[in-house]
Amino acid sequence: MSDGTKGAAGPSIPITVEFTGGLELLFGNERKHKVSLPACMDDGNPTNIAYLLPYLVDNLMQDQRKEMFIMEGNVRPGILVLINDADWELEGEETYELQPGDNIVFVSTLHGG
Amino acid sequence: MAPTACFNCKEARAVIIRPKNRHKLCRACFLVVFETEVHETIIGTNLFYPGERVAIGASGGKDSTVLAAVLKTLNERYGYGLDLCLLSIDEGIRGYRDDSLETVKRNAVQYDMPLEILGYGELYGWTMDQVVAQIGKKGNCTYCGVFRRQALDRGAAKLGIKHVVTGHNADDVAETVMMNLLRADLPRLSRGTSIVTESGASDIKRSKPLKYAYEKEIVLYAHHRQLDYFSTECIYSPEAFRGSARTLIKDLEKIRPSSILDIVKSGEDMAALVPQEVNQGGRKCGSTVAAEDDVGGCGSQNGRTSGGEMAAMEKELAENESAESRETEIRLPKGQSLNVSQQKVIKKQTLGHCERCGYLSSQRICKACNLLDGLNRNRPKTAIEVSVGMEDEESSSTLMRQMERTQLTNS
Amino acid sequence: MPAKELVRPCMDCKDAEAILDTRKRQLCGNCFKRFAGHKVLMRMSKYKMKKANRKTPKLLLPLSLGVSSTVLLHMINDDIERQLAKTFVNVGFELNILVVDPSTILAPDAKYDQAYEAVTKAFPKLTFTRLPFHSVFEYVPDMKEIIQEYAGSKITDDESRSNEDRLTAFRAVISTATSKADLDSVLLTRLVVGYAKGLGCETVIWGDSDTRLAAKTLAGVAKGRGASLTWSVSDGMSPWGVAFDFPLRDLSKPELEQFKSVCDDLSEIIVPDEPISDNVLTKNLSIDELMMRYVRTQGEKYRGVMANVSRTANKLESTTASDDALCPLCGGHVGNVKGNSGVTVANQSSDNYSSKFCYGCMRSRPEATC
């Protein structure tokens, strides 16, 4: 998990990431994950969801099938993203800048029941 | 970004954008609006009558869990006077249903509803484990799919209940519309969108009260009410008709979120445009009551298939075409007008009832009874398997895979 | 007898080298042209059946100068030429060609000027007309009022405005790529029909390949326009009393491209499509583009399955009764088609209810937020 401390020169942002609706199966059957991200991205801008997505694939995802979560560089259609319980479309989607203590939930609508 | 206020109450923080009209709603308003729309669908289609006994086909999955929660809420809020119960089907595969049946059992307690779990063993005299023991792992999906299609109706009949509701949502209906265009299935195009489907197993009626509800909103409803549901692995195959349609629909939703409901609207209109002769058996085209559709059971496998069916149909079409082109060449010099009359030839499908079990069937004996005959006569490879491809879009690959896994761990 | 040593002989004439694969057969250029041409002429043959006391039917072929409609024109022209060379001439119809400049170009574009000049030169016996897109306001006189009512407060029309400005202003208030493409095709259909009626044409011969018809069918369904499929992608009567016919419905777009590749004389005419790059993210496509991409990519593997789509749509039967309310903009059904008791529209909240425009048009309306 050395990536979590990448850019550790600056302060870091602790957040919670949750996978539900069957998505947890891709992430070691673990629903809740505590993640600490650098406050700034490589370009100096505050860390946003666009940074978080590949981070999750590289660090938390255990299933090899990346396309079950990410498609065309974004969250696969049919997976909902909630930022502090609000639909991410209300928060600017992948441009949303993460705040300490944020709760990010990924819910699949694609899984059977 | 500053929080957006709810479109409805103008006070609380909006947490939802509704796919169909882009309204931004807070949690409380969303739950009420969602429930109210299901209520409007129920009232608008005269779905229930006071005192009716209704079985909710429950798999423990999101759709049937939300359906149970909403029906309970509405039944109390609007005094429908319904006698609701949960009905689950157990295929009889050791280990496979454990988690989902546990969820359903918890749901029964949470919603204070009686629960009936009926097994394939009770319904057909054969559990899937027994079927597999007899015929082997290959081809058993056919049995499971065919049995599942009738299981809820047979189960309800056993309980003396005449109305089964299932959790099919707007996305499912939209998928079905697209799928029926892809596989050129006019009979199903004419009935796949109906809210009520006649089942055939005696007088049992099947309906889908969530037909206009977005899958997205169902999941959000479950999330915001913190409903307890169970999910399986994501298993749809993009090479199967339903999988291909499903991918398309999720892409459409990204482009224009209303399009799922727009497809349902188109599907309803197209159903009324399917030529009468396609719908034999006295059913009025486009009426609310239609023959039972393929999409299956308690929603667990929900029409996902092992794939390969698009390739199979493609092969068949290519063969027909080459046969046809050989024919055309022969009559090429004269037969100028022939092709014009060829255009509107329509495949007819006559629906009747199975002589043995009374279930709706296009054959004299329905598929399930045929398969049972084979099993009972200890002759597993009945000829019917060959013709199965088209209709059985719900033979289940998950089930197959999970069975293999279960068997591995058990041994 | 064959004297030639052929590496891969054409499966039809066995007398020439096969240069292309089609439907699992290898053909030479000429045999492929005959095969494809035959599919179209079969569909056109109904116009050759002489009926007593009947005037020669007038047909209008809208030409986009793209592959499909240009190939169609070429095929029909070939047949006309063949007929004219015979003693008993039986062309069977009078053909008019209409070129409408695309909505996206407002000023004349050199590319289209050249192509137009080339096509009129290549087919000297045929009658061509070229119109700008905004002439829809000329050929459909009440279009100004319809647009005004449709767009509501979003645009304020004033009489002094030119048709060109009027169209630009209208297109500018349509918010999404899907709605823009949707309304463009509605306006184009109205212009073509308006022109056809003015000319006294009884049928419009559309140059849509089967690929395009499948994409249009799926897109129409996805835009809530399922009720219009009986004429928008099917052979039959349109709401305006002019029949629509789609003679290319047995040929896919790739096959028409193959046709073009063996027809040298078409290369100067055809303005090549600018295909949507694979790099464009799905969410940025219009629904029409998404469906075209879907049908084309799936069609590589499942040509027959994709052909099912338009074939199925073509089997739907129009149930239009004279008292049905039709949308003043697109001609589609307002409300539910007869016998359809669905409650979607009622369930749709006020904006789609009790409107004089149809469901599909309401979805593309400027005020609509989706």
# chains A, B, ... in the order shown; residues from 1 in each chain; ligands from 1
call {"tool": "select_by_dssp", "arguments": {"residues": "stretch 31-278 of chain B", "states": "alpha helix (DSSP H)", "output": "NGL selection string"}}
result
:B and (31-44 or 62-77 or 98-110 or 120-124 or 128-135 or 140-159 or 170-182 or 186-191 or 215-224 or 241-255 or 259-271)
call {"tool": "residues_around", "arguments": {"residues": "C:Arg166", "least_positions_apart": "5", "cutoff": "12 Å", "atoms": "only C-alpha atoms", "output": "list in words"}}
result
Leu106, Phe133, His134, Ser135, Val136, Phe137, Glu138, Met143, Lys144, Glu145, Ile147, Gln148, Ala151, Ile155, Thr156, Asp157, Asp158, Glu159, Ser160, Arg161, Arg171, Ala172 and Val173 of chain C
call {"tool": "residues_around", "arguments": {"residues": "B:Lys254", "least_positions_apart": "5", "cutoff": "9 Å", "atoms": "only C-alpha atoms", "output": "PyMOL selection string"}}
result
(chain A and resi 77-78) or (chain B and resi 249) or (chain C and resi 282-284)
call {"tool": "interface_residues", "arguments": {"of": "chain A", "to": "chain B", "cutoff": "10 Å", "atoms": "only C-alpha atoms", "output": "VMD selection string"}}
result
chain A and resid 20 to 26 68 76 to 80 82 to 92 96 to 97 107 to 113
call {"tool": "write_last_selection", "arguments": {"atoms": "N, CA and C atoms", "output": "compact mmCIF listing (two decimals), in the first residue's frame"}}
result
# COMPACT_ATOMS: atom_id res chain seq x y z
N THR A 20 -21.03 -1.77 -2.80
CA THR A 20 -22.21 -2.58 -2.48
C THR A 20 -22.95 -3.00 -3.74
N GLY A 21 -24.04 -3.71 -3.53
CA GLY A 21 -24.87 -4.15 -4.65
C GLY A 21 -24.21 -5.26 -5.45
N GLY A 22 -23.20 -5.90 -4.87
CA GLY A 22 -22.52 -6.99 -5.57
C GLY A 22 -21.11 -6.59 -5.99
N LEU A 23 -20.85 -5.29 -5.99
CA LEU A 23 -19.54 -4.79 -6.41
C LEU A 23 -18.44 -5.23 -5.44
N GLU A 24 -18.85 -5.45 -4.18
CA GLU A 24 -17.86 -5.87 -3.17
C GLU A 24 -17.17 -7.17 -3.57
N LEU A 25 -17.85 -7.94 -4.45
CA LEU A 25 -17.25 -9.21 -4.90
C LEU A 25 -15.96 -8.98 -5.68
N LEU A 26 -15.84 -7.78 -6.28
CA LEU A 26 -14.63 -7.47 -7.04
C LEU A 26 -13.52 -6.97 -6.13
N MET A 68 -15.12 -4.56 -15.35
CA MET A 68 -16.34 -4.70 -14.57
C MET A 68 -16.57 -3.46 -13.71
N ARG A 76 -18.09 2.38 -14.90
CA ARG A 76 -18.91 1.66 -15.86
C ARG A 76 -20.39 2.04 -15.76
N PRO A 77 -21.05 2.27 -16.91
CA PRO A 77 -22.48 2.58 -16.86
C PRO A 77 -23.23 1.47 -16.11
N GLY A 78 -24.12 1.89 -15.21
CA GLY A 78 -24.83 0.90 -14.41
C GLY A 78 -24.29 0.80 -12.99
N ILE A 79 -23.17 1.47 -12.74
CA ILE A 79 -22.66 1.56 -11.36
C ILE A 79 -22.91 2.98 -10.87
N LEU A 80 -23.59 3.07 -9.73
CA LEU A 80 -23.92 4.38 -9.18
C LEU A 80 -22.82 4.81 -8.22
N LEU A 82 -22.11 7.48 -5.06
CA LEU A 82 -22.70 8.39 -4.09
C LEU A 82 -21.57 9.06 -3.30
N ILE A 83 -21.61 10.40 -3.29
CA ILE A 83 -20.63 11.14 -2.51
C ILE A 83 -21.36 11.66 -1.27
N ASN A 84 -20.98 11.17 -0.12
CA ASN A 84 -21.70 11.49 1.12
C ASN A 84 -23.21 11.33 0.92
N ASP A 85 -23.57 10.22 0.34
CA ASP A 85 -24.96 9.81 0.12
C ASP A 85 -25.67 10.54 -1.03
N ALA A 86 -25.01 11.51 -1.65
CA ALA A 86 -25.66 12.23 -2.76
C ALA A 86 -25.13 11.69 -4.09
N ASP A 87 -26.01 11.57 -5.07
CA ASP A 87 -25.62 11.15 -6.42
C ASP A 87 -24.47 12.05 -6.88
N TRP A 88 -23.41 11.42 -7.39
CA TRP A 88 -22.23 12.21 -7.75
C TRP A 88 -22.50 13.23 -8.85
N GLU A 89 -23.61 13.02 -9.61
CA GLU A 89 -23.94 14.02 -10.64
C GLU A 89 -24.24 15.37 -10.02
N LEU A 90 -24.67 15.35 -8.74
CA LEU A 90 -24.95 16.60 -8.04
C LEU A 90 -23.66 17.28 -7.58
N GLU A 91 -22.58 16.53 -7.61
CA GLU A 91 -21.34 17.03 -7.03
C GLU A 91 -20.24 17.23 -8.07
N GLY A 92 -20.60 17.10 -9.34
CA GLY A 92 -19.60 17.32 -10.38
C GLY A 92 -18.88 16.07 -10.84
N TYR A 96 -15.18 16.11 -8.70
CA TYR A 96 -15.39 16.44 -7.30
C TYR A 96 -14.09 16.32 -6.51
N GLU A 97 -13.77 17.36 -5.77
CA GLU A 97 -12.53 17.35 -4.98
C GLU A 97 -12.79 16.74 -3.60
N VAL A 107 -22.30 1.67 -5.95
CA VAL A 107 -23.36 0.66 -5.90
C VAL A 107 -23.60 0.12 -7.30
N SER A 108 -23.57 -1.17 -7.42
CA SER A 108 -23.84 -1.76 -8.72
C SER A 108 -25.34 -1.97 -8.91
N THR A 109 -25.81 -1.67 -10.12
CA THR A 109 -27.18 -2.07 -10.46
C THR A 109 -27.12 -3.25 -11.44
N LEU A 110 -25.92 -3.68 -11.74
CA LEU A 110 -25.74 -4.69 -12.78
C LEU A 110 -25.80 -6.11 -12.26
N HIS A 111 -25.71 -6.25 -10.95
CA HIS A 111 -25.62 -7.59 -10.39
C HIS A 111 -27.00 -8.19 -10.17
N GLY A 112 -27.05 -9.46 -10.29
CA GLY A 112 -28.30 -10.17 -10.06
C GLY A 112 -28.60 -10.27 -8.58
N GLY A 113 -29.75 -10.81 -8.29
CA GLY A 113 -30.09 -10.92 -6.87
C GLY A 113 -30.63 -12.29 -6.58
call {"tool": "residues_around", "arguments": {"residues": "stretch 300-307 of chain C", "least_positions_apart": "4", "cutoff": "10 Å", "atoms": "only C-alpha atoms", "output": "JSON, numbers by chain"}}
result
{"B": [181, 182, 183, 184, 241, 310, 311, 312, 313, 314, 315, 316, 317, 318, 321], "C": [23, 210, 211, 213, 214, 215, 249, 250, 251, 252, 254, 294, 295, 296, 311, 312]}
call {"tool": "write_last_selection", "arguments": {"atoms": "C-alpha atoms", "output": "compact mmCIF listing (two decimals), in the first residue's frame"}}
result
# COMPACT_ATOMS: atom_id res chain seq x y z
CA LEU B 181 -36.37 -6.43 -32.04
CA LEU B 182 -32.95 -8.08 -32.27
CA ARG B 183 -34.35 -11.57 -32.40
CA ALA B 184 -37.33 -10.61 -34.57
CA PHE B 241 -29.57 -11.08 -26.69
CA MET B 310 -26.81 -14.54 -30.99
CA ALA B 311 -24.18 -16.56 -32.79
CA ALA B 312 -26.60 -19.46 -33.11
CA MET B 313 -29.28 -17.27 -34.63
CA GLU B 314 -26.75 -15.60 -36.92
CA LYS B 315 -25.73 -19.00 -38.21
CA GLU B 316 -29.30 -19.99 -38.84
CA LEU B 317 -30.06 -16.72 -40.63
CA ALA B 318 -27.00 -17.08 -42.84
CA GLU B 321 -30.15 -16.68 -46.72
CA ARG C 23 -22.21 -13.16 -47.72
CA ASP C 210 -30.28 -1.71 -43.90
CA THR C 211 -27.62 -0.81 -41.35
CA LEU C 213 -32.59 1.45 -40.96
CA ALA C 214 -31.67 -0.80 -38.03
CA ALA C 215 -29.94 2.10 -36.28
CA ARG C 249 -33.27 -2.38 -47.20
CA ASP C 250 -31.64 -5.63 -48.38
CA LEU C 251 -28.13 -4.21 -48.43
CA SER C 252 -25.93 -3.25 -45.51
CA PRO C 254 -20.51 -2.18 -45.72
CA TYR C 294 -23.82 -0.36 -32.17
CA VAL C 295 -25.33 -1.70 -35.38
CA ARG C 296 -22.09 -1.32 -37.31
CA ARG C 311 -37.30 -6.42 -40.86
CA THR C 312 -39.28 -6.65 -37.64
call {"tool": "interface_residues", "arguments": {"of": "chain A", "to": "chain C", "cutoff": "12 Å", "atoms": "only C-alpha atoms", "output": "list of chain:residue names"}}
result
A:Met71, A:Glu72, A:Gly73, A:Asn74, A:Val75, A:Arg76, A:Pro77
call {"tool": "write_last_selection", "arguments": {"atoms": "N, CA and C atoms", "output": "mmCIF file, in the first residue's frame"}}
result
data_model
loop_
_atom_site.group_PDB
_atom_site.id
_atom_site.type_symbol
_atom_site.label_atom_id
_atom_site.label_comp_id
_atom_site.auth_asym_id
_atom_site.auth_seq_id
_atom_site.Cartn_x
_atom_site.Cartn_y
_atom_site.Cartn_z
ATOM 1 N N MET A 71 -14.875 1.680 -17.364
ATOM 2 C CA MET A 71 -15.018 1.583 -18.820
ATOM 3 C C MET A 71 -14.793 2.962 -19.409
ATOM 4 N N GLU A 72 -14.090 3.022 -20.520
ATOM 5 C CA GLU A 72 -13.779 4.297 -21.158
ATOM 6 C C GLU A 72 -13.215 5.297 -20.144
ATOM 7 N N GLY A 73 -12.399 4.802 -19.236
ATOM 8 C CA GLY A 73 -11.741 5.668 -18.276
ATOM 9 C C GLY A 73 -12.634 6.228 -17.193
ATOM 10 N N ASN A 74 -13.873 5.722 -17.127
ATOM 11 C CA ASN A 74 -14.776 6.218 -16.095
ATOM 12 C C ASN A 74 -15.542 5.052 -15.489
ATOM 13 N N VAL A 75 -16.358 5.378 -14.482
ATOM 14 C CA VAL A 75 -17.125 4.315 -13.849
ATOM 15 C C VAL A 75 -18.055 3.679 -14.873
ATOM 16 N N ARG A 76 -18.094 2.385 -14.896
ATOM 17 C CA ARG A 76 -18.909 1.658 -15.865
ATOM 18 C C ARG A 76 -20.388 2.043 -15.758
ATOM 19 N N PRO A 77 -21.049 2.266 -16.910
ATOM 20 C CA PRO A 77 -22.480 2.579 -16.857
ATOM 21 C C PRO A 77 -23.229 1.474 -16.109
#
call {"tool": "interface_residues", "arguments": {"of": "chain B", "to": "chain C", "cutoff": "8 Å", "atoms": "only C-alpha atoms", "output": "ChimeraX atom specification"}}
result
/B:20-22,37,40-41,44-45,178,181-186,194,212,248,251-252,254-275,285-288,310-311,313-314,317-318,336-337,339-340,344,346
call {"tool": "atom_distance", "arguments": {"atom1": "atom CA of B:Tyr221", "atom2": "atom CA of B:Pro19"}}
result
13.3 Å
call {"tool": "residues_around", "arguments": {"residues": "stretch 49-51 of chain A", "least_positions_apart": "3", "cutoff": "8 Å", "atoms": "only C-alpha atoms", "output": "JSON, numbers by chain"}}
result
{"A": [41, 54, 55, 74, 93, 94, 95, 96, 97, 98]}
call {"tool": "residues_around", "arguments": {"residues": "C:Leu188", "least_positions_apart": "4", "cutoff": "10 Å", "atoms": "only C-alpha atoms", "output": "list in words"}}
result
Pro62, Val100, Asp101, Pro102, Ser103, Phe133, His134, Ser135, Val136, Leu183, Asp184, Val192, Val193 and Gly194 of chain C
call {"tool": "write_last_selection", "arguments": {"atoms": "N, CA and C atoms", "output": "compact mmCIF listing (two decimals), in the first residue's frame"}}
result
# COMPACT_ATOMS: atom_id res chain seq x y z
N PRO C 62 -34.24 11.74 -52.32
CA PRO C 62 -33.39 12.70 -51.61
C PRO C 62 -31.96 12.17 -51.59
N VAL C 100 -30.30 18.23 -50.33
CA VAL C 100 -30.44 19.24 -49.27
C VAL C 100 -29.09 19.38 -48.60
N ASP C 101 -28.62 20.60 -48.52
CA ASP C 101 -27.35 20.80 -47.84
C ASP C 101 -27.54 20.48 -46.36
N PRO C 102 -26.56 19.82 -45.77
CA PRO C 102 -26.72 19.42 -44.37
C PRO C 102 -26.96 20.62 -43.45
N SER C 103 -27.63 20.36 -42.35
CA SER C 103 -27.98 21.44 -41.43
C SER C 103 -26.74 22.11 -40.87
N PHE C 133 -30.96 23.84 -46.15
CA PHE C 133 -31.77 23.24 -45.11
C PHE C 133 -32.89 24.18 -44.63
N HIS C 134 -32.56 25.47 -44.56
CA HIS C 134 -33.54 26.40 -44.00
C HIS C 134 -34.74 26.64 -44.92
N SER C 135 -34.70 26.09 -46.13
CA SER C 135 -35.87 26.27 -47.00
C SER C 135 -37.06 25.46 -46.50
N VAL C 136 -36.86 24.72 -45.40
CA VAL C 136 -38.00 24.03 -44.78
C VAL C 136 -39.09 25.05 -44.44
N LEU C 183 -34.16 16.50 -33.97
CA LEU C 183 -34.97 17.55 -34.61
C LEU C 183 -34.47 17.84 -36.03
N ASP C 184 -33.18 17.71 -36.26
CA ASP C 184 -32.67 17.87 -37.62
C ASP C 184 -33.33 16.87 -38.56
N VAL C 192 -38.24 17.45 -47.19
CA VAL C 192 -38.31 16.53 -48.33
C VAL C 192 -39.76 16.29 -48.72
N VAL C 193 -40.62 16.05 -47.71
CA VAL C 193 -42.03 15.80 -48.00
C VAL C 193 -42.68 17.05 -48.59
N GLY C 194 -42.36 18.20 -48.01
CA GLY C 194 -42.93 19.45 -48.52
C GLY C 194 -42.56 19.66 -49.99
